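Report on the structure given below.
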Amino acid sequence: MRRPDPATVRWAILAALLILWEVVPMTGALPELFLPSLSKTLTVLWIDLDIYFAALLVTLYEVAFSMLIACGLGILVGALVGGLAVLRNLLLPIFSSLYAVPIVILYPIFTAWFGIGSSSKIAFAGIYGFFPVMLSTAAGIRTIDPQFILAARSMGATLPQQITRVIIPASLPTVFAGLRLGGALTIIGVVVSEMLTSSAGIGYLVTLNRTILDSARVFAAILAILVLSIAYYMMARTLERRMVVWQTAGRQQKSSSRDSTVAIAAPSAA
Amino acid sequence: MQHLANLSELRGKVDEAAIEVAGLSHVYAGPDGGVPALVDISMSVGKGRFVVIVGPSGCGKTSLLMMLAGLRQQTEGRILCHGRPIPEPDPERVGVIFQEASLFPWLSTLDNIEFPMSLRGTPREERRRRSQAMLSLVSLEGFGERYPHELSGGMKQRVSIARGLVQDPPVLLMDEPFAALDEQTRMTMGHELLRIWSTTRKTVVFITHSLTEAVYLADEVLVMSARPGRIIDHIEVTLPRPRTYEMMATDVFGRLRDRIWQQIRKTG
C-alpha cells in the first residue's frame with residue numbers, strides 16, 4: 001500500500017479537529033462554557049464582525065509597527081554585533097542572557113511609560129521580537145564560511161562588495177529564520193499585552209469576554225488570532241522560500257534521496 | 001579563440017618567469033613570540049609551466065599559495081608575478097582555485113562563473129559570452145542554470161576552474177583542488193585539468209599531498225619540508241605529454257614518486 005501524502009494527512013487532522021470541535025459540545029460531554037461549538041463561535045463572529053474587524057485592525061497596526069522595530073533594529077544591531085568582534089565580546093553575553101528573561105514582567109513598566117494605548121504594545125512587542133532577530137542575524141553573520149570571503153577576495157572583491165555580494169546573501173537563511181521567529185513573537189507580544197492592560201485590540205476582546213463568561217466570543221477572538229498567526233507564518237515561509245531558494249532546495253535534497261541530484265543523471269560530466 | 005591568441009603570445013617568451021620568489025620567509029605572531037612558518041623560499045616558475053608543490057600537512061604550502069595570490073602578506077622576501085609585486089589579489093593576473101569549490105550557493109553556475117566579472121561591472125552580454133565559453137571549456141554545457149547543490153563534487157570543481165579562468169589570468173593557483181573528491185573523480189579531474197591546461201597554456205602552481213597526482217600532473221615538483229617549510233627538492237618530471245594513465249605503471253613514474261616520498265620522509 002502506498003503511504004498517504006503527508007500534506008493530505010495534515011489536512012485530514014485539521015478537518016478532524018474542526019469536526020470534533022463541532023460535535024463534542026453537541027453531545028454535551030463538555031459544557032458550553034468550556035467549549036462552545038464551532039458553528040456557535042462562527043455565528044457570534046459573524047454577528048459581531050464589525051467589532052472583531054475593528055479590533056483586528058488595531059492589533060494589526062500594533063503588530064506592523066512592532067515588527068518594524070523588531071526586524072529593523074534586530075537586523076541592524078545583529079549585523080553590528082555579529083560583524084564587529086569588539087561589540088560581540090561586549091554585548092553578546094548581555095543580549096543572550098536578556099533573551100532568557102521573561103520580558104513580560106517588564107510590561108507594567110511599559111504601560112507606566114507609554115500609557116495603555118497602542119504605543120506600549122508596540123514598544124513591548126517590538127522588544128519581545130527584537131531578541132531572536134538580533135541574535136540570529138549576529139549568528140548568521142558570524143557563521144559565514146570564511147572560504148566564501150577568501151574566494152571573493154581572491155576575485156578582487158572590495159570590502160563593500162564582500163558585504164553586499166557575499167556576507168548578506170550568505171547570512172540570509174539564518175536571518176530569515178530569526179525574522180520568522182521574531183515576527184511570531186511580536187504577534188504574541190501584542191496579543192499578550194492587549195490581554196493584560198488595554199482598551200482595544202483582539203487580545204482585549206479575549207479578556208473582556210472572558211470576564212463576562214461569554215465563551216463563544218472568547219473563542220471567536222482566539223480563532224481570529226489563530227488565523228492571523230497562521231497567515232503570518234505562511235507569508236513568512238513563502239517569502240523565505242523565494243529569497244533563499246538554494247537553502248530550501250538543499251534541505252530537500254538532503255532529506256529525500258528520491259529526487260536525486262542532476263549529478264547522478266549525468267555521470268559522464270563528472 | 002581568445003585563448004589561442006594568448007597561446008601564441010605566451011610561446012614567444014616562454015623563458016621568462018611567470019612567478020619569481022626570492023628569500024621569502026614568514027613568521028606567524030604567536031603568544032610566545034613568533035612561529036616560523038616558511039623559511040627562505042626561493043623559486044621560479046616559468047611561463048606556461050605546470051609546477052606542483054608537495055609537502056607534509058602543516059608545512060605552510062597553503063600559506064605560500066595565499067601569498068602568491070596576494071591574499072596574505074609575507075614577513076620577508078619578495079614575490080614577483082609577471083614582473084610586478086602582488087600586494088593584493090589581482091584576478092587579471094592570478095586566478096585561485098580552492099580545495100572546497102567555494103562556489104556561492106545562492107548563485108547559478110553561470111552567475112558563479114561571472115562573479116569576478118560582475119564585481120568589475122563587465123557588461124552583461126560580454127559576461128554571458130565569456131561564461132558560456134568557460135562552461136564549454138570545462139565540459140559543462142547545459143548546466144549553466146543549475147545551482148551548486150545540484151552538482152556533484154567533480155562538477156563543482158569544474159565550475160570553480162571555469163571561474164578561476166574567466167578573466168583569462170595568465171597564472172592559475174590551485175590549493176589541493178581535488179583533495180575532497182573520491183579517487184576515481186580525482187583521476188578524471190586530473191586528466192581534465194591537463195586537457196584544459198594544454199588548450200589554455202596557463203602557468204599553473206598546484207598544491208597537493210598526493211605523490212601520484214604530483215608526478216602525473218607536473219612539469220616540475222617542488223618538495224617542501226615539515227614546518228617551518230622550506231623547499232628541499234626540485235624535481236623535473238621528464239615524462240612525455242600528453243600524460244596517460246598507463247604511464248603510472250612505468251619505472252620512471254615509480255622512481256619519481258619514490259624520490260618525492262624519500263624526501264618527505266626524511267624531514268618528517
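Here's how to read the names in the C-alpha cells: chain A, B, ... by the order shown, residue numbers from 1 in each chain, ligand numbers from 1 in the order shown.
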
Problem set entry | Contact residues around His209 in chain B with only C-alpha atoms at 12 Å, ignoring same-chain residues under 6 positions, as a list in words | Val52, Ile53, Val54, Gly55, Pro56, Ser57, Gly58, Cys59, Lys61, Thr62, Gln99, Asp175, Glu176, Pro177, Phe178, Ala179, Ala180, Val215, Val221, Leu222, Val223, Met224, Arg257, Ile260, Trp261 and Ile264 of chain B

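Summary of the local environment: counting only C-alpha atoms, residues at most 12 Å from Ile196 in chain B, other than itself and those fewer than 4 positions away along its chain, are His3, Phe50, Met134, Leu135, Ser136, Leu137, Val138, Ser139, Arg158, Ile161, Ala162, Leu165, Leu172, Met189, Gly190, His191, Glu192, Thr200, Arg201, Lys202, Thr203, Val204 and Pro242 of chain B.
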
With N, CA and C atoms kept, could you save the residues just selected as a short mmCIF file (atom, residue, chain, number, x, y, z; two decimals), in the first residue's frame?
data_model
loop_
_atom_site.label_atom_id
_atom_site.label_comp_id
_atom_site.auth_asym_id
_atom_site.auth_seq_id
_atom_site.Cartn_x
_atom_site.Cartn_y
_atom_site.Cartn_z
N HIS B 3 41.79 32.37 -26.31
CA HIS B 3 42.87 31.61 -25.71
C HIS B 3 43.97 31.31 -26.70
N PHE B 50 53.72 23.81 -15.53
CA PHE B 50 52.82 23.22 -14.53
C PHE B 50 53.69 22.78 -13.36
N MET B 134 33.55 29.49 -21.04
CA MET B 134 34.23 28.76 -19.96
C MET B 134 33.50 27.46 -19.64
N LEU B 135 32.16 27.53 -19.68
CA LEU B 135 31.35 26.37 -19.38
C LEU B 135 31.64 25.25 -20.37
N SER B 136 31.81 25.60 -21.64
CA SER B 136 32.10 24.53 -22.60
C SER B 136 33.56 24.10 -22.47
N LEU B 137 34.44 25.02 -22.06
CA LEU B 137 35.83 24.62 -21.83
C LEU B 137 35.92 23.51 -20.78
N VAL B 138 35.11 23.62 -19.73
CA VAL B 138 35.15 22.61 -18.67
C VAL B 138 34.10 21.51 -18.89
N SER B 139 33.57 21.42 -20.10
CA SER B 139 32.60 20.38 -20.49
C SER B 139 31.36 20.34 -19.61
N ARG B 158 34.87 21.74 -11.50
CA ARG B 158 34.94 22.25 -12.87
C ARG B 158 34.46 23.69 -12.94
N ILE B 161 37.03 25.91 -11.55
CA ILE B 161 38.11 26.15 -12.51
C ILE B 161 37.67 27.17 -13.55
N ALA B 162 36.43 27.02 -14.03
CA ALA B 162 35.89 27.98 -15.00
C ALA B 162 35.90 29.39 -14.43
N LEU B 165 39.29 30.86 -14.40
CA LEU B 165 39.85 31.17 -15.72
C LEU B 165 39.11 32.28 -16.44
N LEU B 172 47.41 30.42 -12.77
CA LEU B 172 46.34 29.75 -12.04
C LEU B 172 46.95 29.09 -10.81
N MET B 189 39.45 14.22 -12.98
CA MET B 189 39.64 15.67 -12.91
C MET B 189 41.08 16.05 -13.23
N GLY B 190 42.05 15.23 -12.78
CA GLY B 190 43.44 15.49 -13.09
C GLY B 190 43.65 15.49 -14.60
N HIS B 191 43.06 14.50 -15.23
CA HIS B 191 43.16 14.38 -16.67
C HIS B 191 42.51 15.58 -17.36
N GLU B 192 41.32 15.95 -16.86
CA GLU B 192 40.60 17.10 -17.40
C GLU B 192 41.42 18.38 -17.26
N THR B 200 44.74 26.05 -22.85
CA THR B 200 44.84 27.45 -22.46
C THR B 200 46.28 27.88 -22.20
N ARG B 201 47.16 26.94 -21.93
CA ARG B 201 48.58 27.22 -21.68
C ARG B 201 48.81 28.24 -20.58
N LYS B 202 48.07 28.05 -19.47
CA LYS B 202 48.29 28.90 -18.32
C LYS B 202 49.53 28.42 -17.57
N THR B 203 50.05 29.30 -16.73
CA THR B 203 51.04 28.87 -15.76
C THR B 203 50.26 28.35 -14.56
N VAL B 204 50.56 27.12 -14.12
CA VAL B 204 49.80 26.56 -13.01
C VAL B 204 50.74 26.26 -11.84
N PRO B 242 51.07 14.17 -24.15
CA PRO B 242 50.11 14.11 -23.06
C PRO B 242 50.33 12.91 -22.15
#

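With CA of Leu24 in chain B on one side and CA of Met43 in chain B on the other, the separation reads 9.4 Å.
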
Exercise. Counting only C-alpha atoms, what is within 12 Å of Gly182 in chain A, bar same-chain residues fewer than 3 positions away, as a ChimeraX atom specification?
Worked result: /A:63,66-75,99,125-137,175-179,185-189,232-233,236

Grab the residues selected above and save them as an mmCIF file, in the first residue's frame with C-alpha atoms.
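Result written to result29.cif:
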data_model
loop_
_atom_site.group_PDB
_atom_site.id
_atom_site.type_symbol
_atom_site.label_atom_id
_atom_site.label_comp_id
_atom_site.auth_asym_id
_atom_site.auth_seq_id
_atom_site.Cartn_x
_atom_site.Cartn_y
_atom_site.Cartn_z
ATOM 1 C CA VAL A 63 1.905 44.175 15.071
ATOM 2 C CA SER A 66 6.425 46.313 16.451
ATOM 3 C CA MET A 67 7.652 44.077 13.613
ATOM 4 C CA LEU A 68 9.251 47.115 12.075
ATOM 5 C CA ILE A 69 11.102 47.749 15.346
ATOM 6 C CA ALA A 70 11.942 44.087 15.937
ATOM 7 C CA CYS A 71 13.189 43.408 12.398
ATOM 8 C CA GLY A 72 14.771 46.764 11.636
ATOM 9 C CA LEU A 73 16.534 47.188 14.947
ATOM 10 C CA GLY A 74 17.204 43.445 15.231
ATOM 11 C CA ILE A 75 18.948 43.229 11.870
ATOM 12 C CA TYR A 99 16.807 36.786 25.948
ATOM 13 C CA ALA A 125 6.216 43.550 21.393
ATOM 14 C CA GLY A 126 8.972 45.268 19.433
ATOM 15 C CA ILE A 127 11.489 44.433 22.140
ATOM 16 C CA TYR A 128 9.994 40.981 22.582
ATOM 17 C CA GLY A 129 10.600 40.186 18.895
ATOM 18 C CA PHE A 130 13.899 42.053 18.733
ATOM 19 C CA PHE A 131 15.965 39.410 20.516
ATOM 20 C CA PRO A 132 15.567 36.414 18.215
ATOM 21 C CA VAL A 133 16.017 38.607 15.134
ATOM 22 C CA MET A 134 19.114 40.239 16.555
ATOM 23 C CA LEU A 135 20.645 37.013 17.859
ATOM 24 C CA SER A 136 20.116 35.063 14.647
ATOM 25 C CA THR A 137 21.371 37.918 12.498
ATOM 26 C CA VAL A 175 18.401 35.939 9.290
ATOM 27 C CA PHE A 176 15.126 34.731 7.792
ATOM 28 C CA ALA A 177 14.778 32.020 10.393
ATOM 29 C CA GLY A 178 15.172 34.766 13.012
ATOM 30 C CA LEU A 179 12.648 37.008 11.263
ATOM 31 C CA LEU A 185 6.941 36.675 18.928
ATOM 32 C CA THR A 186 5.765 40.222 18.118
ATOM 33 C CA ILE A 187 2.275 38.831 17.463
ATOM 34 C CA ILE A 188 2.404 37.045 20.822
ATOM 35 C CA GLY A 189 3.751 40.199 22.466
ATOM 36 C CA TYR A 232 1.735 35.462 9.064
ATOM 37 C CA TYR A 233 3.589 32.161 9.223
ATOM 38 C CA ALA A 236 6.959 34.392 6.079
#

Exercise. Hey, what does DSSP flag as strand (DSSP E or B) within range 13-107 of chain B? Can you give it to me as a PyMOL selection string?
Worked result: chain B and resi 17-30+33-46+50-54+76-81+84+94-97

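Residue nearest Gly70 in chain B within the list B:Arg120, B:Leu173, B:Thr267, B:Phe253: B:Leu173 [criterion: smallest interatomic distance, only C-alpha atoms].
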
For this session: Would you kindly report the residues of chain B within 9 Å of chain A, using only C-alpha atoms, as JSON, numbers by chain?
Result: {"B": [69, 70, 71, 88, 89, 90, 91, 92, 94, 95, 96, 97, 98, 100, 102, 103, 104, 105, 106, 107, 115, 116, 117, 119, 120, 139, 140, 146, 147, 148, 149, 150, 151, 152, 153, 154, 155, 158, 164, 185, 188, 189]}

Problem set entry | Surrounding residues of Pro240 in chain B excluding itself and chain neighbours under 5 positions, 12 Å, only C-alpha atoms, as a list in words | Val215, Tyr216, Leu217, Ala218, Asp219, Met247, Val252 and Phe253 of chain B

Please dump the current selection as a compact mmCIF listing (two decimals), in the first residue's frame; keep N, CA and C atoms.
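result_8.txt written:
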# COMPACT_ATOMS: atom_id res chain seq x y z
N VAL B 215 53.25 13.70 -9.60
CA VAL B 215 54.05 13.23 -10.73
C VAL B 215 53.22 13.24 -12.02
N TYR B 216 51.97 12.85 -11.89
CA TYR B 216 51.10 12.74 -13.06
C TYR B 216 50.90 14.10 -13.74
N LEU B 217 50.76 15.15 -12.92
CA LEU B 217 50.39 16.45 -13.48
C LEU B 217 51.60 17.31 -13.86
N ALA B 218 52.71 17.17 -13.13
CA ALA B 218 53.70 18.25 -13.11
C ALA B 218 54.72 18.22 -14.24
N ASP B 219 55.20 19.43 -14.57
CA ASP B 219 56.46 19.58 -15.28
C ASP B 219 57.59 19.52 -14.26
N MET B 247 51.13 5.51 -17.97
CA MET B 247 52.46 5.95 -17.51
C MET B 247 52.67 5.71 -16.02
N VAL B 252 59.88 4.93 -14.60
CA VAL B 252 60.20 6.35 -14.42
C VAL B 252 59.23 6.98 -13.42
N PHE B 253 57.94 6.70 -13.62
CA PHE B 253 56.92 7.25 -12.74
C PHE B 253 57.17 6.82 -11.30

For this session: Kindly indicate which residue among A:Leu30, A:Val24, A:Thr41, A:Arg2 lies nearest to Ala220 in chain A, using only C-alpha atoms for the distances.
Result: A:Thr41

Exercise. Between A:Gly115, A:Gly183, A:Gly83, A:Pro102, which has the minimum distance to Ile168 in chain A (counting only C-alpha atoms)?
Worked result: A:Gly83

Mind the document's chain letters and residue numbers, and return as a PDB file with N, CA and C atoms, in the first residue's frame the residues of range 16-115 of chain B that DSSP labels helix (DSSP H, G or I).
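So selection33.pdb came out as:
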ATOM      1  N   LYS B  61      52.394  25.147   2.819  1.00  0.00           N
ATOM      2  CA  LYS B  61      52.249  25.285   1.367  1.00  0.00           C
ATOM      3  C   LYS B  61      51.021  26.116   0.997  1.00  0.00           C
ATOM      4  N   THR B  62      49.961  25.976   1.803  1.00  0.00           N
ATOM      5  CA  THR B  62      48.792  26.821   1.534  1.00  0.00           C
ATOM      6  C   THR B  62      49.107  28.290   1.803  1.00  0.00           C
ATOM      7  N   SER B  63      49.838  28.555   2.891  1.00  0.00           N
ATOM      8  CA  SER B  63      50.249  29.936   3.176  1.00  0.00           C
ATOM      9  C   SER B  63      51.021  30.515   2.008  1.00  0.00           C
ATOM     10  N   LEU B  64      51.944  29.705   1.476  1.00  0.00           N
ATOM     11  CA  LEU B  64      52.758  30.166   0.344  1.00  0.00           C
ATOM     12  C   LEU B  64      51.854  30.536  -0.829  1.00  0.00           C
ATOM     13  N   LEU B  65      50.868  29.679  -1.091  1.00  0.00           N
ATOM     14  CA  LEU B  65      49.962  29.935  -2.213  1.00  0.00           C
ATOM     15  C   LEU B  65      49.145  31.214  -1.976  1.00  0.00           C
ATOM     16  N   MET B  66      48.701  31.407  -0.722  1.00  0.00           N
ATOM     17  CA  MET B  66      47.946  32.616  -0.392  1.00  0.00           C
ATOM     18  C   MET B  66      48.787  33.865  -0.665  1.00  0.00           C
ATOM     19  N   MET B  67      50.087  33.750  -0.395  1.00  0.00           N
ATOM     20  CA  MET B  67      50.962  34.892  -0.638  1.00  0.00           C
ATOM     21  C   MET B  67      51.152  35.126  -2.129  1.00  0.00           C
ATOM     22  N   LEU B  68      51.270  34.031  -2.888  1.00  0.00           N
ATOM     23  CA  LEU B  68      51.394  34.178  -4.346  1.00  0.00           C
ATOM     24  C   LEU B  68      50.134  34.821  -4.922  1.00  0.00           C
ATOM     25  N   THR B 109      25.249  28.317 -11.714  1.00  0.00           N
ATOM     26  CA  THR B 109      26.575  28.030 -12.252  1.00  0.00           C
ATOM     27  C   THR B 109      27.120  29.207 -13.063  1.00  0.00           C
ATOM     28  N   LEU B 110      26.287  29.709 -13.985  1.00  0.00           N
ATOM     29  CA  LEU B 110      26.757  30.824 -14.820  1.00  0.00           C
ATOM     30  C   LEU B 110      27.058  32.061 -13.979  1.00  0.00           C
ATOM     31  N   ASP B 111      26.175  32.369 -13.032  1.00  0.00           N
ATOM     32  CA  ASP B 111      26.404  33.548 -12.194  1.00  0.00           C
ATOM     33  C   ASP B 111      27.661  33.387 -11.341  1.00  0.00           C
ATOM     34  N   ASN B 112      27.925  32.161 -10.899  1.00  0.00           N
ATOM     35  CA  ASN B 112      29.158  31.916 -10.159  1.00  0.00           C
ATOM     36  C   ASN B 112      30.380  32.188 -11.027  1.00  0.00           C
ATOM     37  N   ILE B 113      30.330  31.689 -12.257  1.00  0.00           N
ATOM     38  CA  ILE B 113      31.474  31.889 -13.150  1.00  0.00           C
ATOM     39  C   ILE B 113      31.658  33.373 -13.462  1.00  0.00           C
ATOM     40  N   GLU B 114      30.527  34.088 -13.549  1.00  0.00           N
ATOM     41  CA  GLU B 114      30.601  35.510 -13.920  1.00  0.00           C
ATOM     42  C   GLU B 114      30.946  36.408 -12.739  1.00  0.00           C
ATOM     43  N   PHE B 115      30.919  35.845 -11.533  1.00  0.00           N
ATOM     44  CA  PHE B 115      31.082  36.669 -10.331  1.00  0.00           C
ATOM     45  C   PHE B 115      32.268  37.642 -10.412  1.00  0.00           C
TER      46      PHE B 115
END

Please produce, as JSON lines, a per-residue contact table for range 74-131 of chain B versus range 27-34 of chain B (criterion: any atom at most 12 Å away, only C-alpha atoms considered), showing the nearest atom pair and its distance in Å to one decimal, sorted by chain then residue number.
{"residue": "B:Gln74", "atom": "CA", "partner": "B:Val27", "partner_atom": "CA", "distance": 7.9}
{"residue": "B:Thr75", "atom": "CA", "partner": "B:Val27", "partner_atom": "CA", "distance": 6.2}
{"residue": "B:Glu76", "atom": "CA", "partner": "B:Val27", "partner_atom": "CA", "distance": 8.7}
{"residue": "B:Gly77", "atom": "CA", "partner": "B:Val27", "partner_atom": "CA", "distance": 11.7}

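Checking B:Arg72, B:Leu239, B:Gly60, B:His26 one by one against Arg227 in chain B, counting only C-alpha atoms, you find the shortest gap at B:Gly60.
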